[in-house]
>>> print(open('upload-v5.txt').read())   # compact mmCIF, C-alpha atoms
# COMPACT_ATOMS: atom_id res chain seq x y z
CA MET A 1 1.17 -20.80 7.11
CA LYS A 2 4.80 -21.44 6.33
CA VAL A 3 7.10 -19.26 8.45
CA LYS A 4 10.77 -18.76 7.62
CA LYS A 5 12.92 -17.93 10.60
CA VAL A 6 14.96 -14.96 9.42
CA MET A 7 16.24 -12.05 11.45
CA MET A 8 15.19 -8.43 11.02
CA GLN A 9 17.20 -6.07 13.22
CA GLY A 10 17.59 -8.74 15.88
CA ILE A 11 13.90 -9.66 16.06
CA PRO A 12 13.12 -13.22 14.92
CA SER A 13 10.55 -13.31 12.14
CA ILE A 14 8.64 -16.09 13.86
CA VAL A 15 8.06 -13.85 16.90
CA PHE A 16 6.98 -10.96 14.68
CA VAL A 17 4.45 -13.12 12.86
CA ALA A 18 3.12 -14.65 16.06
CA CYS A 19 2.48 -11.21 17.54
CA LEU A 20 0.60 -10.07 14.47
CA TYR A 21 -1.55 -13.15 14.45
CA LEU A 22 -2.31 -12.65 18.13
CA LEU A 23 -3.54 -9.19 17.17
CA ALA A 24 -5.74 -10.69 14.46
CA CYS A 25 -7.23 -13.19 16.89
CA ASN A 26 -7.89 -10.51 19.47
CA ASN A 27 -9.80 -8.56 16.83
CA SER A 28 -12.13 -11.49 16.19
CA ARG A 29 -15.79 -10.74 16.78
CA ASP A 30 -16.24 -14.23 18.19
CA THR A 31 -14.14 -13.33 21.22
CA ALA A 32 -15.69 -9.88 21.81
CA PRO A 33 -18.17 -9.38 24.64
CA ASP A 34 -21.77 -8.48 23.85
CA TYR A 35 -22.70 -4.90 23.11
CA LYS A 36 -24.90 -3.13 25.64
CA THR A 37 -27.00 -1.48 22.93
CA THR A 38 -28.06 -2.79 19.50
CA LEU A 39 -29.76 -0.52 16.98
CA GLU A 40 -31.25 -1.77 13.70
CA PHE A 41 -32.18 0.27 10.64
CA GLY A 42 -33.73 -0.49 7.27
CA PRO A 43 -34.09 1.32 3.94
CA GLY A 44 -35.78 4.70 4.25
CA GLN A 45 -34.29 5.35 7.70
CA GLU A 46 -31.24 7.28 6.52
CA ASN A 47 -31.87 10.23 8.82
CA LYS A 48 -32.15 7.92 11.82
CA ILE A 49 -28.83 6.29 10.88
CA ILE A 50 -27.14 9.70 10.72
CA GLU A 51 -28.60 10.64 14.09
CA ALA A 52 -27.56 7.31 15.61
CA PHE A 53 -23.93 7.89 14.59
CA LEU A 54 -23.96 11.32 16.20
CA THR A 55 -25.55 10.17 19.46
CA LEU A 56 -23.96 6.75 19.83
CA LYS A 57 -22.74 5.60 23.26
CA ASP A 58 -19.94 3.22 24.19
CA SER A 59 -20.59 -0.50 23.67
CA SER A 60 -23.06 -0.11 20.81
CA GLU A 61 -23.83 -2.12 17.70
CA ILE A 62 -25.50 -0.61 14.62
CA HIS A 63 -27.03 -3.13 12.24
CA ILE A 64 -27.87 -1.69 8.82
CA LYS A 65 -30.14 -4.17 7.09
CA GLU A 66 -30.05 -5.21 3.46
CA GLY A 67 -30.92 -2.36 1.11
CA LEU A 68 -29.62 0.75 -0.65
CA TYR A 69 -29.02 3.83 1.52
CA LYS A 70 -28.25 7.28 0.11
CA ILE A 71 -26.40 9.24 2.77
CA GLU A 72 -24.21 12.35 2.62
CA ASN A 73 -21.73 11.29 5.31
CA LEU A 74 -21.44 9.52 8.65
CA SER A 75 -19.23 10.40 11.57
CA LEU A 76 -18.46 9.13 15.06
CA ALA A 77 -15.82 10.10 17.60
CA GLN A 78 -14.43 9.30 21.03
CA LEU A 79 -16.21 6.00 21.50
CA LYS A 80 -15.28 2.54 22.74
CA HIS A 81 -16.44 -0.92 21.71
CA ILE A 82 -18.43 -0.13 18.57
CA LEU A 83 -19.66 -2.42 15.78
CA ILE A 84 -21.14 -1.18 12.49
CA ARG A 85 -22.39 -4.08 10.38
CA GLY A 86 -24.51 -4.81 7.36
CA ASP A 87 -25.93 -7.97 5.85
CA GLY A 88 -23.06 -8.43 3.40
CA PRO A 89 -21.34 -6.61 0.54
CA GLY A 90 -23.79 -6.03 -2.28
CA LYS A 91 -26.68 -6.46 0.14
CA THR A 92 -26.17 -3.49 2.44
CA VAL A 93 -25.02 -0.64 0.20
CA ILE A 94 -24.36 2.91 1.45
CA ASP A 95 -24.12 5.37 -1.44
CA PHE A 96 -22.45 8.75 -0.85
CA SER A 97 -22.71 10.02 -4.43
CA GLY A 98 -25.04 12.85 -3.39
CA GLN A 99 -22.53 14.18 -0.88
CA THR A 100 -22.33 17.99 -0.73
CA GLN A 101 -20.32 18.40 2.47
CA GLY A 102 -17.73 16.53 4.49
CA GLY A 103 -14.41 15.12 3.40
CA GLU A 104 -15.20 11.43 3.82
CA GLY A 105 -18.07 9.01 3.45
CA ILE A 106 -17.51 7.53 6.93
CA ARG A 107 -15.16 9.22 9.40
CA VAL A 108 -14.14 7.60 12.67
CA THR A 109 -11.95 9.52 15.13
CA ASP A 110 -10.41 8.56 18.46
CA ALA A 111 -12.20 5.23 18.78
CA THR A 112 -11.12 2.14 20.71
CA ASP A 113 -12.23 -1.35 19.71
CA PHE A 114 -13.98 -0.24 16.53
CA ARG A 115 -15.25 -2.73 13.96
CA ILE A 116 -17.03 -2.29 10.62
CA GLU A 117 -18.05 -5.22 8.43
CA ASP A 118 -20.31 -6.82 5.85
CA MET A 119 -21.36 -3.95 3.60
CA THR A 120 -20.53 -1.93 0.50
CA ILE A 121 -19.75 1.77 0.69
CA ARG A 122 -19.34 3.71 -2.53
CA ASP A 123 -18.87 6.97 -4.43
CA SER A 124 -17.97 9.57 -1.79
CA LYS A 125 -16.40 12.87 -2.80
CA GLY A 126 -13.38 12.31 -0.57
CA ASP A 127 -12.11 9.15 1.12
CA LEU A 128 -14.67 6.41 1.62
CA LEU A 129 -13.69 5.16 5.10
CA LYS A 130 -11.20 7.16 7.17
CA ILE A 131 -10.31 5.91 10.63
CA ASN A 132 -8.17 8.44 12.48
CA LYS A 133 -6.26 8.22 15.78
CA SER A 134 -7.94 4.97 16.84
CA GLN A 135 -6.80 1.65 18.27
CA HIS A 136 -7.89 -1.98 18.02
CA VAL A 137 -9.57 -1.46 14.66
CA THR A 138 -11.09 -4.18 12.47
CA VAL A 139 -12.36 -3.67 8.93
CA LYS A 140 -13.75 -6.93 7.60
CA ASN A 141 -15.65 -8.01 4.51
CA LEU A 142 -16.11 -4.40 3.45
CA HIS A 143 -16.27 -3.34 -0.21
CA ALA A 144 -15.21 0.26 -0.78
CA ILE A 145 -15.75 1.34 -4.37
CA TRP A 146 -15.83 4.25 -6.75
CA GLN A 147 -17.78 3.00 -9.72
CA LYS A 148 -15.97 5.47 -11.99
CA ALA A 149 -12.21 5.19 -11.53
CA ASP A 150 -10.55 8.47 -12.49
CA SER A 151 -8.97 11.57 -10.95
CA THR A 152 -12.35 12.70 -9.60
CA SER A 153 -12.42 9.70 -7.26
CA GLY A 154 -11.43 10.11 -3.64
CA GLY A 155 -7.88 9.26 -2.66
CA TYR A 156 -8.35 6.30 -0.32
CA ALA A 157 -11.07 3.67 -0.10
CA ILE A 158 -10.01 2.10 3.24
CA TYR A 159 -7.84 4.51 5.18
CA PRO A 160 -6.68 3.94 8.78
CA VAL A 161 -4.18 6.62 9.75
CA LEU A 162 -2.42 7.39 13.03
CA CYS A 163 -3.84 4.20 14.47
CA LYS A 164 -2.59 1.29 16.54
CA ASN A 165 -3.45 -2.39 16.07
CA VAL A 166 -5.36 -2.55 12.79
CA LEU A 167 -6.76 -5.59 10.99
CA ILE A 168 -8.08 -5.27 7.42
CA ASP A 169 -9.46 -8.65 6.40
CA SER A 170 -11.37 -9.95 3.35
CA CYS A 171 -12.05 -6.49 1.93
CA TYR A 172 -12.24 -5.16 -1.63
CA ALA A 173 -11.18 -1.69 -2.81
CA GLU A 174 -11.74 -0.21 -6.24
CA GLY A 175 -11.41 3.11 -8.06
CA SER A 176 -9.16 5.11 -5.67
CA SER A 177 -7.17 7.96 -7.18
CA ASP A 178 -4.40 7.17 -4.68
CA ALA A 179 -4.46 3.81 -2.82
CA GLY A 180 -7.35 1.40 -2.44
CA ILE A 181 -6.12 0.05 0.90
CA TYR A 182 -3.89 2.55 2.67
CA VAL A 183 -2.38 2.19 6.14
CA GLY A 184 -0.61 5.36 7.23
CA GLN A 185 1.46 6.37 10.27
CA THR A 186 0.20 3.34 12.15
CA ASP A 187 1.83 0.94 14.58
CA THR A 188 0.99 -2.74 14.03
CA ALA A 189 -1.28 -3.68 11.14
CA VAL A 190 -2.36 -6.77 9.24
CA VAL A 191 -3.83 -6.67 5.73
CA ARG A 192 -4.95 -10.12 4.65
CA ASN A 193 -7.29 -11.91 2.25
CA CYS A 194 -8.14 -8.66 0.47
CA LYS A 195 -8.46 -7.66 -3.18
CA ALA A 196 -7.83 -4.30 -4.80
CA SER A 197 -8.31 -3.40 -8.46
CA ARG A 198 -8.65 -0.32 -10.69
CA ASN A 199 -6.84 1.94 -8.21
CA VAL A 200 -3.66 3.92 -8.78
CA ALA A 201 -2.09 1.77 -6.04
CA GLY A 202 -3.76 -1.42 -4.89
CA CYS A 203 -2.35 -1.26 -1.37
CA GLU A 204 0.06 1.13 0.32
CA ILE A 205 1.82 0.84 3.66
CA GLU A 206 3.15 4.33 4.44
CA ASN A 207 5.22 5.39 7.46
CA THR A 208 3.77 2.37 9.24
CA SER A 209 5.70 0.03 11.52
CA HIS A 210 5.20 -3.68 12.19
CA ALA A 211 2.87 -4.44 9.29
CA GLU A 212 2.15 -7.74 7.60
CA VAL A 213 0.48 -7.99 4.20
CA LEU A 214 -0.44 -11.54 3.23
CA ASN A 215 -2.74 -13.65 1.06
CA ASN A 216 -4.05 -10.67 -0.91
CA GLU A 217 -4.63 -10.12 -4.61
CA PHE A 218 -3.69 -6.74 -6.08
CA PHE A 219 -4.43 -6.63 -9.79
CA GLY A 220 -5.43 -4.26 -12.58
CA ASN A 221 -4.04 -1.18 -10.81
CA THR A 222 -1.31 1.22 -11.92
CA ALA A 223 0.93 -0.28 -9.21
CA GLY A 224 0.11 -3.30 -7.10
CA PHE A 225 1.76 -2.79 -3.70
CA LEU A 226 3.72 0.13 -2.21
CA VAL A 227 5.84 0.48 0.92
CA PHE A 228 6.71 4.16 1.34
CA ASP A 229 8.29 6.33 3.97
CA LEU A 230 7.74 10.01 3.29
CA PRO A 231 9.15 13.10 4.99
CA GLY A 232 7.24 15.52 7.15
CA LEU A 233 5.10 12.91 8.88
CA SER A 234 4.73 12.02 12.55
CA LYS A 235 6.47 8.62 12.58
CA ARG A 236 8.87 6.45 10.68
CA GLY A 237 7.79 3.12 9.28
CA GLY A 238 9.63 -0.17 9.13
CA PHE A 239 9.46 -3.89 9.84
CA VAL A 240 7.04 -4.60 7.01
CA LYS A 241 6.49 -8.09 5.62
CA ALA A 242 4.64 -8.87 2.39
CA HIS A 243 4.26 -12.52 1.51
CA ASP A 244 2.01 -15.03 -0.23
CA ASN A 245 0.28 -12.31 -2.24
CA GLN A 246 -0.76 -12.33 -5.88
CA ILE A 247 0.38 -9.06 -7.43
CA HIS A 248 -0.38 -9.21 -11.11
CA ASP A 249 -1.34 -7.30 -14.26
CA ASN A 250 -0.96 -3.83 -12.76
CA ASN A 251 -0.59 -1.89 -15.99
CA ILE A 252 -3.27 0.80 -16.17
CA LYS A 253 -2.76 4.55 -16.65
CA ASN A 254 -1.85 6.54 -13.56
CA PHE A 255 -4.93 8.68 -12.88
CA ALA A 256 -3.79 10.27 -9.61
CA LYS A 257 -4.87 13.84 -9.01
CA ALA A 258 -2.66 16.38 -10.77
CA GLY A 259 -1.01 17.61 -7.56
CA SER A 260 0.53 14.20 -6.85
CA PHE A 261 2.64 14.08 -10.02
CA GLY A 262 6.30 14.96 -9.87
CA THR A 263 6.51 15.54 -6.13
CA TYR A 264 8.24 13.44 -3.50
CA TRP A 265 4.95 12.68 -1.76
CA GLY A 266 2.84 11.80 -4.76
CA VAL A 267 1.63 8.38 -5.82
CA GLY A 268 1.63 10.03 -9.22
CA ASN A 269 5.27 8.87 -9.34
CA ALA A 270 4.18 5.23 -9.68
CA SER A 271 4.76 4.12 -13.25
CA PRO A 272 2.05 2.11 -14.99
CA GLY A 273 3.20 -1.49 -14.94
CA SER A 274 4.69 -1.56 -11.41
CA GLY A 275 4.26 -4.63 -9.23
CA VAL A 276 5.93 -3.63 -5.94
CA ILE A 277 7.57 -0.29 -5.10
CA VAL A 278 9.68 0.25 -1.98
CA LEU A 279 10.49 3.94 -1.50
CA ALA A 280 12.75 5.17 1.32
CA ALA A 281 11.49 2.37 3.58
CA SER A 282 13.63 0.17 5.79
CA ASN A 283 13.43 -3.31 7.32
CA VAL A 284 11.17 -4.67 4.59
CA GLU A 285 10.85 -8.32 3.55
CA ILE A 286 9.19 -9.28 0.25
CA TYR A 287 8.87 -13.05 -0.15
CA ASN A 288 6.83 -15.95 -1.50
CA ASN A 289 4.72 -13.66 -3.69
CA GLN A 290 3.45 -14.24 -7.21
CA ILE A 291 4.49 -11.01 -8.99
CA LEU A 292 3.29 -11.58 -12.52
CA ASN A 293 2.82 -9.55 -15.69
CA ASN A 294 3.51 -6.14 -14.22
CA ASN A 295 5.12 -4.97 -17.40
CA SER A 296 7.37 -2.09 -16.31
CA SER A 297 8.96 -3.79 -13.30
CA ALA A 298 8.25 -6.56 -10.83
CA ILE A 299 9.96 -4.80 -7.89
CA GLU A 300 11.34 -1.26 -7.74
CA LEU A 301 13.66 -0.15 -4.93
CA ALA A 302 14.01 3.61 -4.82
CA SER A 303 15.41 6.24 -2.51
CA GLY A 304 13.84 9.57 -1.72
CA PHE A 305 16.47 11.14 -3.99
CA ALA A 306 14.87 9.45 -7.00
CA VAL A 307 11.86 11.75 -6.71
CA ASP A 308 13.11 14.64 -4.55
CA ASP A 309 16.50 16.26 -5.01
CA LYS A 310 16.15 17.94 -1.61
CA ALA A 311 15.59 14.69 0.28
CA ALA A 312 18.75 15.16 2.36
CA GLU A 313 17.35 18.36 3.86
CA LYS A 314 14.36 16.45 5.22
CA ILE A 315 16.28 13.85 7.25
CA ASN A 316 15.17 13.61 10.88
CA GLU A 317 14.21 10.91 13.39
CA ASN A 318 11.08 10.12 11.35
CA TYR A 319 12.58 10.11 7.87
CA PHE A 320 15.66 8.72 6.15
CA PRO A 321 15.61 8.76 2.34
CA ILE A 322 17.67 5.60 1.74
CA SER A 323 16.03 2.20 2.07
CA LYS A 324 17.91 -0.12 4.41
CA ASN A 325 17.70 -3.81 5.31
CA ILE A 326 15.58 -4.91 2.36
CA SER A 327 15.19 -8.67 1.89
CA ILE A 328 13.75 -10.07 -1.34
CA HIS A 329 13.51 -13.82 -1.73
CA ASP A 330 11.57 -16.76 -3.13
CA ASN A 331 9.17 -14.71 -5.26
CA THR A 332 7.86 -15.91 -8.62
CA MET A 333 8.22 -13.12 -11.17
CA THR A 334 7.21 -12.82 -14.82
CA MET A 335 6.86 -9.91 -17.20
CA GLY A 336 5.11 -9.38 -20.52
CA ASN A 337 6.85 -8.69 -23.83
CA SER A 338 6.62 -4.90 -23.69
CA PHE A 339 5.92 -1.94 -21.46
CA PRO A 340 2.25 -1.01 -21.05
CA GLU A 341 1.34 1.85 -23.38
CA PRO A 342 0.67 4.35 -20.52
CA ALA A 343 4.27 3.93 -19.27
CA TYR A 344 5.66 5.69 -22.35
CA ALA A 345 3.86 8.90 -21.35
CA HIS A 346 4.71 8.74 -17.62
CA HIS A 347 7.79 10.51 -16.22
CA ILE A 348 9.07 7.48 -14.27
CA GLY A 349 7.86 5.10 -16.96
CA LYS A 350 10.05 6.91 -19.49
CA MET A 351 13.06 6.32 -17.23
CA LEU A 352 12.31 2.60 -17.02
CA VAL A 353 12.01 2.43 -20.81
CA ALA A 354 15.37 4.22 -21.10
CA ILE A 355 17.00 1.71 -18.71
CA GLU A 356 15.85 -1.22 -20.82
CA GLN A 357 17.05 0.44 -24.01
CA LYS A 358 20.44 1.34 -22.51
CA LEU A 359 21.07 -2.19 -21.23
CA ASN A 360 20.18 -3.80 -24.53
CA ALA A 361 22.25 -1.30 -26.53
CA SER A 362 25.27 -1.84 -24.26
CA ASP A 363 25.23 -5.65 -24.31
CA LYS A 364 24.64 -7.46 -27.59
CA ASN A 365 23.98 -10.68 -25.66
CA ARG A 366 20.80 -9.18 -24.21
CA LYS A 367 19.23 -8.67 -27.65
CA ASP A 368 15.59 -7.78 -26.93
CA LYS A 369 15.43 -8.70 -23.27
CA ARG A 370 13.01 -6.89 -21.01
CA ILE A 371 14.12 -4.65 -18.17
CA PRO A 372 15.24 -6.92 -15.28
CA PHE A 373 12.61 -7.87 -12.71
CA ILE A 374 14.19 -5.94 -9.81
CA MET A 375 15.03 -2.30 -10.52
CA TYR A 376 17.27 -0.64 -7.91
CA ASP A 377 17.92 3.07 -8.36
CA GLY A 378 21.48 2.58 -7.12
CA ILE A 379 21.37 5.51 -4.72
CA SER A 380 22.87 4.35 -1.42
CA SER A 381 23.88 6.02 1.82
CA ASN A 382 27.30 6.50 0.24
CA ILE A 383 25.86 9.69 -1.20
CA LEU A 384 25.39 11.05 2.33
CA ASN A 385 28.61 9.94 3.99
CA LYS A 386 30.88 9.96 0.91
CA GLY A 387 31.53 6.27 1.45
CA SER A 388 32.48 3.62 -1.07
CA GLN A 389 30.99 0.39 0.30
CA SER A 390 29.46 -1.88 -2.33
CA ASN A 391 26.29 -2.61 -0.34
CA PRO A 392 26.17 -0.19 2.61
CA ASP A 393 22.41 -0.46 3.13
CA SER A 394 22.11 -4.25 3.37
CA LEU A 395 20.07 -5.01 0.30
CA CYS A 396 19.65 -8.80 0.32
CA ILE A 397 18.39 -10.70 -2.73
CA ARG A 398 17.88 -14.46 -2.80
CA GLN A 399 16.18 -15.21 -6.11
CA GLN A 400 16.83 -17.74 -8.84
CA GLY A 401 16.70 -17.22 -12.59
CA ASP A 402 17.87 -14.96 -15.37
CA ASN A 403 17.53 -11.21 -15.89
CA LEU A 404 16.89 -10.57 -12.21
CA PHE A 405 18.43 -7.23 -11.32
CA VAL A 406 19.56 -3.85 -12.56
CA ASN A 407 21.36 -1.14 -10.66
CA ALA A 408 19.90 1.73 -12.69
CA ASP A 409 22.49 4.35 -11.65
CA PHE A 410 19.84 7.04 -11.25
CA LEU A 411 22.39 9.64 -10.13
CA GLN A 412 23.76 9.75 -13.68
CA ILE A 413 20.64 9.06 -15.72
CA SER A 414 20.48 12.65 -16.93
CA ASN A 415 24.14 12.50 -18.02
CA PRO A 416 24.32 9.98 -20.88
CA ALA A 417 28.12 10.08 -21.10
CA LYS A 418 28.49 8.86 -17.51
CA TRP A 419 25.33 6.80 -17.11
CA ASN A 420 26.16 3.14 -16.58
CA PRO A 421 23.31 0.88 -15.44
CA THR A 422 24.53 -2.62 -14.66
CA THR A 423 23.00 -6.05 -14.13
CA ASP A 424 25.79 -7.21 -11.81
CA TRP A 425 24.16 -8.04 -8.47
CA LYS A 426 26.89 -10.02 -6.73
CA ALA A 427 27.20 -7.38 -4.02
CA TYR A 428 23.50 -7.75 -3.19
CA GLY A 429 23.26 -11.53 -3.07
CA CYS A 430 23.18 -13.02 0.40
CA ASN A 431 23.00 -16.36 2.13
>>> encode(input="upload-v5.txt", output="structure tokens")
Amino acid sequence: MKVKKVMMQGIPSIVFVACLYLLACNNSRDTAPDYKTTLEFGPGQENKIIEAFLTLKDSSEIHIKEGLYKIENLSLAQLKHILIRGDGPGKTVIDFSGQTQGGEGIRVTDATDFRIEDMTIRDSKGDLLKINKSQHVTVKNLHAIWQKADSTSGGYAIYPVLCKNVLIDSCYAEGSSDAGIYVGQTDTAVVRNCKASRNVAGCEIENTSHAEVLNNEFFGNTAGFLVFDLPGLSKRGGFVKAHDNQIHDNNIKNFAKAGSFGTYWGVGNASPGSGVIVLAASNVEIYNNQILNNNSSAIELASGFAVDDKAAEKINENYFPISKNISIHDNTMTMGNSFPEPAYAHHIGKMLVAIEQKLNASDKNRKDKRIPFIMYDGISSNILNKGSQSNPDSLCIRQQGDNLFVNADFLQISNPAKWNPTTDWKAYGCN
């Protein structure tokens, strides 16, 4: 892997990457000691599998052999050194479509050194795999799927939250009504070699610190990749790197549940056609990615004020609504000839359409150019401290090419007489 030595808040990038890769190595099954107990189950033994989860002891391995298993839900808690494995995605398939109780397909709580791998889980009523308040977690070669992708799907396919030291490797997520791969309120996480398609968001890193997202493919979603910090949560995120990913063709209708539209916390705010969205997150580096044919924007940089006019009232040690220290460089970006049709009916999509129209009407040299690749809402910390600095929040862009950037002047977008989006990005260029 090619590592660029840049600085993020005084921490060399090369040290940051080395630490994350040490985490990944430590999560390798090859280096783990043997399990004291191994249990094996085959098709027709669903009740025994449920019982085994409920009675499991520390240092146990559950091997679920090739076959289709119809189970309502599985749960384990307060255990150490646990492995749940199948014989491979598409071979070992756990189907939760008959679920009548429980909020998740598989729920793991307060576990240490937990690993799940080599199977498909599908069609739960709520989240497919939720791992809560656990540490040293590995999810590998797991397919988590809703076969019908609409607002009746659960929110998250792979969902570690309030965890520490998480590795999600070589997984596939499909059909989530929120995010396929979601890492929330977690300290130290790696998402690598994964794919996510037909979700509202392919992957979301939310209020999570020290995360690296690399060598993934997020495609065919409403939005490809999100880095959000939201108010009212237990920790603040930051120090997130996303690089060497393919984020392409994310143009489908936003099918998030109705409650997530129009609120500051809802992924319903993601416009169809979004490649990358950074919302109220700080110390984020987006580089060496292929961000292609996301036809509303390649990268959107937004503050909490863009979706919540009361964002200032929510400021505390765990939330600040203005993104700071954002570095964008060396990405390849393309965009199709027009917005995806679903964007014209979406509340944020309509704003992006209006930005493109305003720019082209204001500058005859633009003719029929598309909205620039990087859309910045233009809301800086000047709004909080009544300052006048040109780039108070250290937005740093090092990209080559034409039609790169627009400061969308969101504060005035509802006032046509004063609204003045601009493509001048000199203040945000950096060496």
>>> atom_distance(input="upload-v5.txt", atom1="atom CA of Pro43 of chain A", atom2="atom CA of Asp169 of chain A")
26.7 Å
>>> atom_distance(input="upload-v5.txt", atom1="atom CA of Gly86 of chain A", atom2="atom CA of Glu66 of chain A")
6.8 Å
>>> atom_distance(input="upload-v5.txt", atom1="atom CA of Ala302 of chain A", atom2="atom CA of Gly154 of chain A")
26.3 Å
>>> residues_around(input="upload-v5.txt", residues="segment 183-192 of chain A", least_positions_apart="4", cutoff="8 Å", atoms="all atoms listed in the file", output="NGL selection string")
:A and (20 or 24 or 159-170 or 204-216 or 233-237)
>>> residues_around(input="upload-v5.txt", residues="Asn283 of chain A", least_positions_apart="2", cutoff="6 Å", atoms="all atoms listed in the file", output="JSON list (two decimals) with C-alpha atoms, in the frame of the given file")
[["chain", "number", "residue", "atom", "x", "y", "z"],
["A", 238, "GLY", "CA", 9.63, -0.17, 9.13],
["A", 239, "PHE", "CA", 9.46, -3.89, 9.84],
["A", 325, "ASN", "CA", 17.70, -3.81, 5.31],
["A", 326, "ILE", "CA", 15.58, -4.91, 2.36]]
>>> closest_residue(input="upload-v5.txt", among="A:Ala311, A:Leu39, A:Met335, A:Ala201", to="Ile379 of chain A", atoms="all atoms listed in the file")
A:Ala311
>>> residues_around(input="upload-v5.txt", residues="segment 348-353 of chain A", least_positions_apart="6", cutoff="10 Å", atoms="all atoms listed in the file", output="number ranges by chain")
A: 262, 268-274, 296-297, 306-307, 338-342, 370-371, 375, 408, 410, 413-414
>>> closest_residue(input="upload-v5.txt", among="A:Met333, A:Leu129, A:Leu142, A:Ile50", to="Lys91 of chain A", atoms="all atoms listed in the file")
A:Leu142
>>> closest_residue(input="upload-v5.txt", among="A:Cys430, A:Ala149, A:Ala281, A:Ala343", to="Asn251 of chain A", atoms="only C-alpha atoms")
A:Ala343
>>> closest_residue(input="upload-v5.txt", among="A:Arg198, A:His329, A:Lys140, A:Arg115", to="Ile252 of chain A", atoms="only C-alpha atoms")
A:Arg198
>>> closest_residue(input="upload-v5.txt", among="A:Ile328, A:Ile71, A:Ala417, A:Ala144", to="Gln400 of chain A", atoms="only C-alpha atoms")
A:Ile328
>>> residues_near_point(input="upload-v5.txt", point="(-15.0, 6.9, 4.1)", cutoff="9 Å", atoms="all atoms listed in the file", output="PyMOL selection string")
chain A and resi 73-74+103-108+121-122+124+126-131+144+156-159
>>> closest_residue(input="upload-v5.txt", among="A:Asp87, A:Asp377, A:Asp402, A:Glu72", to="Gly102 of chain A", atoms="all atoms listed in the file")
A:Glu72
>>> residues_near_point(input="upload-v5.txt", point="(8.7, 2.6, 1.0)", cutoff="6 Å", atoms="only C-alpha atoms", output="JSON, numbers by chain")
{"A": [227, 228, 229, 278, 279, 280, 281]}
>>> residues_around(input="upload-v5.txt", residues="segment 392-397 of chain A", least_positions_apart="4", cutoff="10 Å", atoms="all atoms listed in the file", output="PDB file with C-alpha atoms, in the coordinates of the input")
ATOM      1  CA  SER A 282      13.630   0.170   5.790  1.00  0.00           C
ATOM      2  CA  ASN A 283      13.430  -3.310   7.320  1.00  0.00           C
ATOM      3  CA  VAL A 284      11.170  -4.670   4.590  1.00  0.00           C
ATOM      4  CA  GLU A 285      10.850  -8.320   3.550  1.00  0.00           C
ATOM      5  CA  ILE A 286       9.190  -9.280   0.250  1.00  0.00           C
ATOM      6  CA  LEU A 301      13.660  -0.150  -4.930  1.00  0.00           C
ATOM      7  CA  ILE A 322      17.670   5.600   1.740  1.00  0.00           C
ATOM      8  CA  SER A 323      16.030   2.200   2.070  1.00  0.00           C
ATOM      9  CA  LYS A 324      17.910  -0.120   4.410  1.00  0.00           C
ATOM     10  CA  ASN A 325      17.700  -3.810   5.310  1.00  0.00           C
ATOM     11  CA  ILE A 326      15.580  -4.910   2.360  1.00  0.00           C
ATOM     12  CA  SER A 327      15.190  -8.670   1.890  1.00  0.00           C
ATOM     13  CA  ILE A 328      13.750 -10.070  -1.340  1.00  0.00           C
ATOM     14  CA  HIS A 329      13.510 -13.820  -1.730  1.00  0.00           C
ATOM     15  CA  ASP A 330      11.570 -16.760  -3.130  1.00  0.00           C
ATOM     16  CA  ILE A 374      14.190  -5.940  -9.810  1.00  0.00           C
ATOM     17  CA  TYR A 376      17.270  -0.640  -7.910  1.00  0.00           C
ATOM     18  CA  ILE A 379      21.370   5.510  -4.720  1.00  0.00           C
ATOM     19  CA  SER A 380      22.870   4.350  -1.420  1.00  0.00           C
ATOM     20  CA  SER A 381      23.880   6.020   1.820  1.00  0.00           C
ATOM     21  CA  ASN A 382      27.300   6.500   0.240  1.00  0.00           C
ATOM     22  CA  GLY A 387      31.530   6.270   1.450  1.00  0.00           C
ATOM     23  CA  SER A 388      32.480   3.620  -1.070  1.00  0.00           C
ATOM     24  CA  LEU A 404      16.890 -10.570 -12.210  1.00  0.00           C
ATOM     25  CA  PHE A 405      18.430  -7.230 -11.320  1.00  0.00           C
ATOM     26  CA  TRP A 425      24.160  -8.040  -8.470  1.00  0.00           C
ATOM     27  CA  LYS A 426      26.890 -10.020  -6.730  1.00  0.00           C
ATOM     28  CA  ALA A 427      27.200  -7.380  -4.020  1.00  0.00           C
ATOM     29  CA  TYR A 428      23.500  -7.750  -3.190  1.00  0.00           C
ATOM     30  CA  GLY A 429      23.260 -11.530  -3.070  1.00  0.00           C
ATOM     31  CA  CYS A 430      23.180 -13.020   0.400  1.00  0.00           C
ATOM     32  CA  ASN A 431      23.000 -16.360   2.130  1.00  0.00           C
TER      33      ASN A 431
END
>>> residues_around(input="upload-v5.txt", residues="Tyr172 of chain A", least_positions_apart="2", cutoff="9 Å", atoms="only C-alpha atoms", output="PyMOL selection string")
chain A and resi 141-145+170+174+180-181+194-197
>>> closest_atom_pairs(input="upload-v5.txt", of="segment 73-109 of chain A", to="segment 51-58 of chain A", cutoff="6 Å", atoms="all atoms listed in the file", output="JSON lines")
{"residue": "A:Leu76", "atom": "CA", "partner": "A:Phe53", "partner_atom": "CA", "distance": 5.6}
{"residue": "A:Leu79", "atom": "CA", "partner": "A:Asp58", "partner_atom": "CA", "distance": 5.4}
{"residue": "A:Lys80", "atom": "CA", "partner": "A:Asp58", "partner_atom": "CA", "distance": 4.9}
{"residue": "A:His81", "atom": "CA", "partner": "A:Asp58", "partner_atom": "CA", "distance": 6.0}
